[in-house]
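**Student:** Just so it is clear, I am handing over input_4.txt, which has compact mmCIF, C-alpha atoms.
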```
# COMPACT_ATOMS: atom_id res chain seq x y z
CA MET A 13 -27.21 -19.12 -69.80
CA ASP A 14 -25.56 -20.06 -73.13
CA ALA A 15 -28.52 -18.70 -75.04
CA PHE A 16 -28.34 -15.22 -73.45
CA THR A 17 -27.91 -12.57 -76.16
CA PRO A 18 -27.92 -9.20 -74.37
CA ILE A 19 -26.62 -7.08 -77.28
CA SER A 20 -29.15 -8.16 -79.88
CA ALA A 21 -31.86 -8.06 -77.19
CA ALA A 22 -30.95 -4.46 -76.33
CA VAL A 23 -30.76 -3.37 -79.99
CA GLY A 24 -34.08 -5.11 -80.70
CA GLY A 25 -35.69 -3.51 -77.66
CA LEU A 26 -34.43 -0.10 -78.76
CA LEU A 27 -35.95 -0.58 -82.24
CA ILE A 28 -39.28 -1.74 -80.76
CA GLY A 29 -39.38 1.26 -78.41
CA ALA A 30 -38.42 3.61 -81.24
CA GLY A 31 -41.29 2.26 -83.35
CA ALA A 32 -43.73 2.97 -80.52
CA VAL A 33 -42.39 6.51 -80.06
CA LEU A 34 -42.49 7.29 -83.78
CA LEU A 35 -46.10 6.12 -84.08
CA LEU A 36 -47.13 8.36 -81.18
CA LEU A 37 -45.02 11.33 -82.26
CA GLY A 38 -46.06 11.19 -85.91
CA ASN A 39 -49.56 9.72 -85.83
CA GLY A 40 -50.64 10.19 -82.22
CA ARG A 41 -51.39 6.49 -81.89
CA ILE A 42 -50.62 3.61 -79.56
CA MET A 43 -48.62 0.76 -81.08
CA GLY A 44 -50.82 -2.19 -80.16
CA VAL A 45 -50.54 -4.98 -82.70
CA SER A 46 -53.63 -6.97 -81.69
CA GLY A 47 -55.81 -3.84 -81.70
CA ILE A 48 -54.48 -2.70 -85.08
CA LEU A 49 -55.01 -6.17 -86.56
CA GLU A 50 -58.55 -6.41 -85.16
CA ALA A 51 -59.45 -3.01 -86.62
CA LEU A 52 -58.12 -4.09 -90.03
CA LEU A 53 -60.16 -7.30 -89.78
CA LYS A 54 -63.27 -5.20 -89.14
CA GLY A 55 -62.65 -3.47 -92.46
CA ASP A 56 -60.94 -0.38 -91.09
CA ARG A 57 -58.63 1.04 -93.78
CA THR A 58 -57.21 3.98 -91.86
CA LEU A 59 -53.91 4.91 -93.46
CA TRP A 60 -51.82 4.77 -90.29
CA ARG A 61 -53.06 1.26 -89.47
CA VAL A 62 -52.53 -0.07 -92.97
CA GLY A 63 -49.14 1.66 -93.13
CA PHE A 64 -47.99 0.27 -89.81
CA MET A 65 -49.07 -3.28 -90.68
CA VAL A 66 -47.36 -3.18 -94.08
CA GLY A 67 -44.26 -1.67 -92.47
CA MET A 68 -43.95 -4.29 -89.75
CA LEU A 69 -44.19 -7.14 -92.27
CA ILE A 70 -41.50 -5.71 -94.59
CA PRO A 71 -38.52 -6.72 -92.38
CA GLY A 72 -39.89 -10.26 -92.22
CA VAL A 73 -40.12 -10.51 -96.00
CA VAL A 74 -36.67 -8.94 -96.43
CA ALA A 75 -35.14 -11.26 -93.82
CA ALA A 76 -36.61 -14.28 -95.60
CA LEU A 77 -35.22 -13.10 -98.97
CA VAL A 78 -31.79 -12.13 -97.66
CA VAL A 79 -31.18 -14.94 -95.20
CA GLY A 80 -32.99 -17.45 -97.33
CA VAL A 81 -34.25 -19.57 -94.47
CA PRO A 82 -37.65 -19.28 -92.83
CA LEU A 83 -37.23 -17.57 -89.50
CA GLY A 84 -38.89 -18.55 -86.30
CA GLN A 85 -40.23 -22.05 -86.81
CA SER A 86 -41.70 -23.41 -83.59
CA GLY A 87 -41.56 -27.13 -84.36
CA MET A 88 -44.97 -27.57 -82.69
CA SER A 89 -47.76 -29.78 -84.02
CA VAL A 90 -50.49 -28.26 -86.19
CA PRO A 91 -53.30 -28.86 -83.64
CA LEU A 92 -51.23 -27.12 -80.97
CA LEU A 93 -50.46 -24.20 -83.31
CA ILE A 94 -54.15 -23.81 -84.09
CA GLY A 95 -55.26 -24.11 -80.46
CA ALA A 96 -52.65 -21.67 -79.20
CA GLY A 97 -53.39 -19.24 -82.05
CA LEU A 98 -57.10 -19.24 -81.20
CA LEU A 99 -56.30 -18.56 -77.53
CA VAL A 100 -53.88 -15.73 -78.35
CA GLY A 101 -56.31 -14.06 -80.76
CA PHE A 102 -59.30 -14.43 -78.43
CA GLY A 103 -57.46 -13.53 -75.23
CA SER A 104 -55.56 -10.54 -76.60
CA ARG A 105 -58.81 -8.92 -77.77
CA MET A 106 -60.80 -9.86 -74.66
CA GLY A 107 -58.01 -8.30 -72.59
CA SER A 108 -57.74 -5.29 -74.97
CA GLY A 109 -54.06 -5.74 -75.75
CA CYS A 110 -50.98 -7.89 -76.13
CA THR A 111 -47.25 -7.57 -75.48
CA SER A 112 -46.86 -4.43 -77.60
CA GLY A 113 -49.99 -2.51 -76.56
CA HIS A 114 -50.03 -3.35 -72.84
CA GLY A 115 -46.45 -4.51 -72.27
CA ILE A 116 -44.62 -1.66 -73.99
CA CYS A 117 -46.99 1.24 -74.73
CA GLY A 118 -49.35 0.86 -71.77
CA LEU A 119 -46.55 0.55 -69.25
CA ALA A 120 -44.78 3.52 -70.86
CA ARG A 121 -47.92 5.57 -70.12
CA PHE A 122 -48.01 4.24 -66.53
CA SER A 123 -51.42 2.67 -67.16
CA LYS A 124 -52.57 0.55 -64.21
CA ARG A 125 -54.78 -1.50 -66.53
CA SER A 126 -51.77 -2.36 -68.67
CA LEU A 127 -49.67 -3.17 -65.61
CA VAL A 128 -52.29 -5.64 -64.38
CA ALA A 129 -52.74 -7.13 -67.88
CA THR A 130 -48.97 -7.50 -68.35
CA LEU A 131 -48.46 -9.14 -64.95
CA VAL A 132 -51.35 -11.54 -65.67
CA PHE A 133 -50.20 -12.60 -69.13
CA PHE A 134 -46.53 -12.91 -68.18
CA SER A 135 -47.53 -15.08 -65.20
CA ALA A 136 -49.91 -17.18 -67.29
CA THR A 137 -47.24 -17.66 -69.96
CA ALA A 138 -44.61 -18.72 -67.39
CA ALA A 139 -47.08 -21.11 -65.72
CA THR A 140 -47.96 -22.65 -69.08
CA VAL A 141 -44.30 -23.13 -69.99
CA PHE A 142 -43.66 -24.73 -66.60
CA VAL A 143 -46.52 -27.20 -67.07
CA MET A 144 -45.57 -27.97 -70.67
CA ARG A 145 -41.86 -28.46 -70.04
CA HIS A 146 -41.67 -29.84 -66.52
CA MET A 147 -44.97 -31.52 -65.71
CA LEU A 148 -46.14 -33.10 -68.94
CA VAL A 149 -44.11 -36.07 -70.09
CA GLY A 150 -42.72 -35.45 -73.54
CA GLY A 151 -42.88 -31.67 -73.29
CA ASN A 152 -45.21 -30.89 -76.17
CA LEU A 153 -48.37 -32.34 -77.65
CA MET B 17 -49.04 11.24 -96.98
CA ARG B 18 -46.22 12.05 -94.57
CA GLY B 19 -48.29 10.52 -91.79
CA MET B 20 -48.58 7.35 -93.84
CA ILE B 21 -44.80 7.25 -94.42
CA CYS B 22 -44.28 7.80 -90.69
CA SER B 23 -46.54 4.87 -89.75
CA VAL B 24 -44.78 2.61 -92.29
CA ALA B 25 -41.43 3.64 -90.78
CA ALA B 26 -42.74 2.90 -87.28
CA GLY B 27 -43.84 -0.52 -88.50
CA VAL B 28 -40.44 -1.19 -90.08
CA LEU B 29 -38.68 -0.25 -86.81
CA PHE B 30 -41.01 -2.49 -84.81
CA GLY B 31 -40.79 -5.47 -87.19
CA SER B 32 -36.98 -5.19 -87.39
CA GLY B 33 -36.81 -4.93 -83.61
CA LEU B 34 -38.80 -8.13 -83.16
CA ILE B 35 -36.47 -10.01 -85.51
CA VAL B 36 -33.22 -8.60 -84.06
CA ALA B 37 -34.43 -9.19 -80.50
CA GLY B 38 -35.26 -12.82 -81.25
CA MET B 39 -38.96 -12.36 -80.44
CA THR B 40 -39.86 -14.10 -83.69
CA SER B 41 -38.13 -17.25 -82.45
CA PRO B 42 -40.51 -19.26 -80.24
CA ALA B 43 -37.58 -21.21 -78.75
CA LYS B 44 -35.97 -17.94 -77.63
CA VAL B 45 -39.21 -16.61 -76.13
CA LEU B 46 -40.03 -19.86 -74.32
CA GLY B 47 -36.45 -19.94 -73.01
CA PHE B 48 -37.17 -16.71 -71.13
CA PHE B 49 -40.33 -18.09 -69.55
CA ASP B 50 -38.67 -21.38 -68.58
CA PHE B 51 -37.54 -20.27 -65.12
CA ALA B 52 -37.21 -23.86 -63.94
CA GLY B 53 -35.03 -24.84 -66.91
CA ALA B 54 -32.04 -23.24 -68.71
CA TRP B 55 -33.33 -19.69 -68.20
CA ASP B 56 -32.51 -17.20 -70.97
CA PRO B 57 -32.90 -13.61 -69.67
CA SER B 58 -32.75 -12.03 -73.17
CA LEU B 59 -36.44 -11.14 -73.29
CA ALA B 60 -36.10 -9.21 -70.02
CA VAL B 61 -33.47 -7.03 -71.74
CA VAL B 62 -35.76 -6.57 -74.77
CA MET B 63 -38.64 -5.48 -72.55
CA ALA B 64 -36.50 -3.27 -70.30
CA VAL B 65 -34.81 -1.40 -73.15
CA GLY B 66 -38.04 -1.21 -75.19
CA LEU B 67 -39.99 0.10 -72.23
CA PHE B 68 -37.30 2.61 -71.24
CA THR B 69 -37.13 3.93 -74.82
CA ALA B 70 -40.90 4.19 -75.08
CA THR B 71 -41.28 5.85 -71.67
CA VAL B 72 -38.68 8.54 -72.38
CA GLY B 73 -39.85 8.98 -75.97
CA TYR B 74 -43.53 9.28 -75.01
CA ARG B 75 -42.75 12.00 -72.48
CA LEU B 76 -40.76 13.97 -75.07
CA ALA B 77 -43.36 13.38 -77.81
CA GLN B 78 -46.21 14.60 -75.61
CA ARG B 79 -44.49 17.92 -75.00
CA ARG B 80 -45.95 18.75 -78.40
CA VAL B 81 -49.57 19.89 -78.32
CA ALA B 82 -50.40 17.52 -81.17
CA PRO B 83 -48.63 14.79 -83.12
CA CYS B 84 -46.68 15.84 -86.23
CA TRP B 85 -49.12 14.47 -88.83
CA ALA B 86 -52.42 13.98 -87.00
CA SER B 87 -54.79 16.38 -85.27
CA SER B 88 -54.53 14.88 -81.78
CA TYR B 89 -53.22 12.06 -79.63
CA VAL B 90 -55.65 9.13 -79.40
CA LEU B 91 -54.97 7.34 -76.13
CA PRO B 92 -56.90 4.59 -74.35
CA GLU B 93 -59.21 6.13 -71.76
CA ARG B 94 -60.46 3.10 -69.87
CA THR B 95 -59.13 2.71 -66.35
CA GLU B 96 -61.26 -0.08 -64.88
CA ILE B 97 -59.50 -3.26 -63.89
CA ASP B 98 -62.21 -5.82 -64.48
CA ARG B 99 -62.62 -9.52 -65.02
CA ARG B 100 -62.58 -9.11 -68.79
CA LEU B 101 -59.09 -7.57 -68.68
CA MET B 102 -57.71 -10.26 -66.40
CA ILE B 103 -59.39 -13.32 -67.92
CA GLY B 104 -58.52 -12.15 -71.43
CA SER B 105 -54.89 -11.59 -70.47
CA ALA B 106 -54.73 -15.00 -68.79
CA ILE B 107 -56.10 -16.69 -71.94
CA PHE B 108 -53.58 -14.77 -74.05
CA GLY B 109 -50.74 -15.88 -71.76
CA LEU B 110 -51.88 -19.50 -71.94
CA GLY B 111 -51.70 -19.39 -75.73
CA TRP B 112 -48.37 -17.54 -75.73
CA GLY B 113 -46.85 -20.15 -73.42
CA LEU B 114 -48.09 -23.10 -75.47
CA VAL B 115 -46.18 -22.17 -78.63
CA GLY B 116 -44.15 -18.98 -78.04
CA TYR B 117 -45.70 -16.58 -80.56
CA CYS B 118 -47.44 -13.40 -79.46
CA PRO B 119 -49.37 -11.42 -82.14
CA GLY B 120 -46.61 -9.21 -83.60
CA PRO B 121 -43.96 -11.92 -83.94
CA ALA B 122 -46.51 -14.40 -85.34
CA LEU B 123 -47.34 -11.97 -88.16
CA VAL B 124 -43.69 -11.09 -88.84
CA ALA B 125 -42.49 -14.71 -88.81
CA GLY B 126 -45.47 -15.64 -91.00
CA ALA B 127 -44.47 -12.94 -93.49
CA ALA B 128 -40.93 -14.34 -93.34
CA GLY B 129 -42.23 -17.66 -94.58
CA ALA B 130 -42.41 -19.67 -91.36
CA LEU B 131 -45.26 -22.08 -92.03
CA ASP B 132 -45.79 -22.61 -88.27
CA ALA B 133 -46.28 -18.90 -87.76
CA GLY B 134 -48.63 -18.70 -90.75
CA ILE B 135 -50.85 -21.44 -89.32
CA PHE B 136 -50.71 -19.84 -85.88
CA ALA B 137 -51.51 -16.36 -87.22
CA SER B 138 -54.48 -17.69 -89.21
CA ALA B 139 -55.88 -19.32 -86.07
CA MET B 140 -55.15 -16.11 -84.14
CA ILE B 141 -57.26 -14.14 -86.61
CA GLY B 142 -59.97 -16.77 -86.11
CA GLY B 143 -59.71 -16.28 -82.34
CA MET B 144 -60.16 -12.52 -82.75
CA LEU B 145 -63.29 -13.08 -84.83
CA VAL B 146 -64.64 -15.50 -82.18
CA TRP B 147 -64.09 -12.85 -79.50
CA ARG B 148 -65.97 -10.32 -81.65
CA MET B 149 -68.97 -12.65 -81.80
CA VAL B 150 -68.84 -13.21 -78.03
CA GLU B 151 -68.55 -9.47 -77.42
CA ARG B 152 -71.55 -8.75 -79.63
CA THR B 153 -73.60 -11.39 -77.82
CA LEU B 154 -72.64 -9.85 -74.47
CA GLU B 155 -73.60 -6.39 -75.73
CA ILE B 156 -76.99 -7.58 -76.97
CA ARG B 157 -77.63 -9.25 -73.60
CA ALA B 158 -76.61 -6.09 -71.76
CA VAL B 159 -79.04 -4.03 -73.85
CA GLN B 160 -81.87 -6.51 -73.25
CA ALA B 161 -81.24 -6.73 -69.51
```
Show how you would write the structure in this file as structure tokens.

**Tutor:**
Amino acid sequence: MDAFTPISAAVGGLLIGAGAVLLLLGNGRIMGVSGILEALLKGDRTLWRVGFMVGMLIPGVVAALVVGVPLGQSGMSVPLLIGAGLLVGFGSRMGSGCTSGHGICGLARFSKRSLVATLVFFSATAATVFVMRHMLVGGNL
Amino acid sequence: MRGMICSVAAGVLFGSGLIVAGMTSPAKVLGFFDFAGAWDPSLAVVMAVGLFTATVGYRLAQRRVAPCWASSYVLPERTEIDRRLMIGSAIFGLGWGLVGYCPGPALVAGAAGALDAGIFASAMIGGMLVWRMVERTLEIRAVQA
């Protein structure tokens, strides 16, 4: 339990929720990152989508400049990064949403679809972590 | 223009939230999912507070007839719980558990200069394009059938 950081988790959660509320209140839109990214990839240049994407990347750039160290390295091998990235991109679109769209916004609207999706991907993630950390010798590829 | 500023602000809130919450750190995220190891409940707090904020905020926001800077609310209308939803979500979870990045944090950490996240996000974009091709093929088959 040494790693438990309830204060920063709560503040972060509040900011994430506030972002979702502001996007609905101001633009009437659901804050689903995978859906927004896919639309941009299709060539959609709707202002709210472009604006949201630029906005969400700004804190990352600022953090890198201020803190000076890259944040969030995984330490995983390149083949694993590529394989997992392909699965996340493919799966999040096949399932019409990811942690933000289904896990926050969908559940906030009491969507049964989002509830099922969220339960499925949280379970699949936990199962994968269990296999990787406790069943495979060495832990990662 | 004000709508654009609003969406940028929403993005800044979201991106900051991911960083503050530790969602951009794969080790932190995987620590939450490692129930059989040294379990770190932080992500449960992130989700609980985020969801509570969004639930209350959505109810208040939708008291308005329309959003502040758009003509109407655009909400998902599908309700069917089908194989596509479940298989897709399972594949997403598999990928999330392998490395610890979900789409938002991968993009934010990539923008923050994490090479890992940049590689992951590039592959993720590739995965989205692959799904588009599969979806098109399925649609063509459905039309022909």

**Student:** Which protein, DNA or RNA residues are at most 10 Å from (-46.3, -11.0, -67.7) in the file's coordinates when you count all atoms listed in the file, listed as an NGL selection string?

**Tutor:** (:A and (111 or 114-115 or 127-138)) or (:B and (49 or 105-106 or 109))

**Student:** Please provide as a PyMOL selection string all residues within 10 Å of segment 51-66 of chain B, with the sequence filter that same-chain residues fewer than 5 positions apart are discarded (counting all atoms listed in the file).

**Tutor:** (chain A and resi 13-32+111-112+115-117+120+138-139+141-142+145-146) or (chain B and resi 33-34+36-39+44-46+71)

**Student:** Hey, which of B:Val24, B:Ile35, B:Val115, B:Ala161 ends up closest to Ala127 of chain B? Count all atoms listed in the file.

**Tutor:** B:Ile35

**Student:** Which residue, A:Ile48, A:Leu53, A:Leu98, A:Val74, has the smallest gap to chain B when you use all atoms listed in the file?

**Tutor:**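 The answer is A:Leu98, which sits nearest to chain B.
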
**Student:** Using atom CA of Gly109 of chain A and atom CA of Val45 of chain A as the two end points, give the distance in Å to one decimal.

**Tutor:**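 One can read the atom CA of Gly109 of chain A to atom CA of Val45 of chain A distance as 7.8 Å.
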
**Student:** Rounded to one decimal, what separation in Å do you get between atom CA of Leu35 of chain A and atom CA of Leu76 of chain B?

**Tutor:**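 About the pair atom CA of Leu35 of chain A and atom CA of Leu76 of chain B: they are 13.1 Å apart.
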
**Student:** Enumerate, as an MDAnalysis selection string, the protein, DNA and RNA residues whose atoms approach (-49.6, -10.4, -82.3) to within 12 Å, taking into account all atoms listed in the file and the coordinate frame of the file.

**Tutor:** (chainID A and resid 43:50 65 68:69 97:105 109:114) or (chainID B and resid 30:31 34 39:40 108:109 111:112 116:126 133:134 136:141 143:144)

**Student:** Nearest residue to chain A out of B:Val72, B:Leu101, B:Val150, B:Val159, using all atoms listed in the file?

**Tutor:**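 So, comparing all the options, the nearest one is B:Leu101.
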
**Student:** State, in Å with one decimal place, the distance from atom CA of Leu91 of chain B to atom CA of Gly38 of chain A.

**Tutor:**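 These atoms are spaced 13.8 Å apart.
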
**Student:** Just want the 8 Å neighbourhood of Ala25 of chain B, counted on all atoms listed in the file, with same-chain residues fewer than 3 positions away dropped. Output as a PyMOL selection string.

**Tutor:** (chain A and resi 31+34+64+67) or (chain B and resi 21-22+28-29)

**Student:** In terms of the shortest atom-to-atom distance over all atoms listed in the file, which of A:Ser126, A:Ser108, A:Arg121, A:Ala75 is closest to Leu36 of chain A?

**Tutor:**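 Using all atoms listed in the file, Leu36 of chain A sits closest to A:Arg121.
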
**Student:** Since the input lacks some atoms of segment 39-56 of chain B, please model N, CA and C atoms and print them as a tab-separated table (two decimals), keeping the file's coordinate frame.

**Tutor:**
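Dumped everything to out-v1.tsv:
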```tsv
chain	number	residue	atom	x	y	z
B	39	MET	N	-37.56	-12.12	-80.83
B	39	MET	CA	-38.96	-12.36	-80.44
B	39	MET	C	-39.70	-13.23	-81.45
B	40	THR	N	-39.20	-13.28	-82.68
B	40	THR	CA	-39.86	-14.10	-83.69
B	40	THR	C	-39.45	-15.57	-83.58
B	41	SER	N	-38.54	-15.87	-82.66
B	41	SER	CA	-38.13	-17.25	-82.45
B	41	SER	C	-38.81	-17.82	-81.21
B	42	PRO	N	-39.78	-18.72	-81.39
B	42	PRO	CA	-40.51	-19.26	-80.24
B	42	PRO	C	-39.57	-19.90	-79.21
B	43	ALA	N	-38.51	-20.56	-79.68
B	43	ALA	CA	-37.58	-21.21	-78.75
B	43	ALA	C	-36.94	-20.18	-77.82
B	44	LYS	N	-36.60	-19.03	-78.40
B	44	LYS	CA	-35.97	-17.94	-77.63
B	44	LYS	C	-36.95	-17.40	-76.57
B	45	VAL	N	-38.18	-17.17	-77.02
B	45	VAL	CA	-39.21	-16.61	-76.13
B	45	VAL	C	-39.51	-17.59	-74.99
B	46	LEU	N	-39.71	-18.87	-75.35
B	46	LEU	CA	-40.03	-19.86	-74.32
B	46	LEU	C	-38.86	-20.05	-73.36
B	47	GLY	N	-37.63	-19.85	-73.86
B	47	GLY	CA	-36.45	-19.94	-73.01
B	47	GLY	C	-36.47	-18.91	-71.89
B	48	PHE	N	-37.06	-17.74	-72.18
B	48	PHE	CA	-37.17	-16.71	-71.13
B	48	PHE	C	-38.17	-17.12	-70.06
B	49	PHE	N	-39.27	-17.74	-70.50
B	49	PHE	CA	-40.33	-18.09	-69.55
B	49	PHE	C	-40.05	-19.39	-68.80
B	50	ASP	N	-38.99	-20.09	-69.20
B	50	ASP	CA	-38.67	-21.38	-68.58
B	50	ASP	C	-37.76	-21.16	-67.36
B	51	PHE	N	-38.34	-20.62	-66.30
B	51	PHE	CA	-37.54	-20.27	-65.12
B	51	PHE	C	-36.97	-21.50	-64.43
B	52	ALA	N	-37.66	-22.63	-64.60
B	52	ALA	CA	-37.21	-23.86	-63.94
B	52	ALA	C	-36.20	-24.63	-64.80
B	53	GLY	N	-35.96	-24.15	-66.03
B	53	GLY	CA	-35.03	-24.84	-66.91
B	53	GLY	C	-33.78	-24.00	-67.14
B	54	ALA	N	-33.23	-24.04	-68.37
B	54	ALA	CA	-32.04	-23.24	-68.71
B	54	ALA	C	-32.51	-21.83	-69.05
B	55	TRP	N	-32.71	-21.01	-68.02
B	55	TRP	CA	-33.33	-19.69	-68.20
B	55	TRP	C	-32.48	-18.77	-69.09
B	56	ASP	N	-33.16	-18.16	-70.07
B	56	ASP	CA	-32.51	-17.20	-70.97
B	56	ASP	C	-33.10	-15.81	-70.71
```
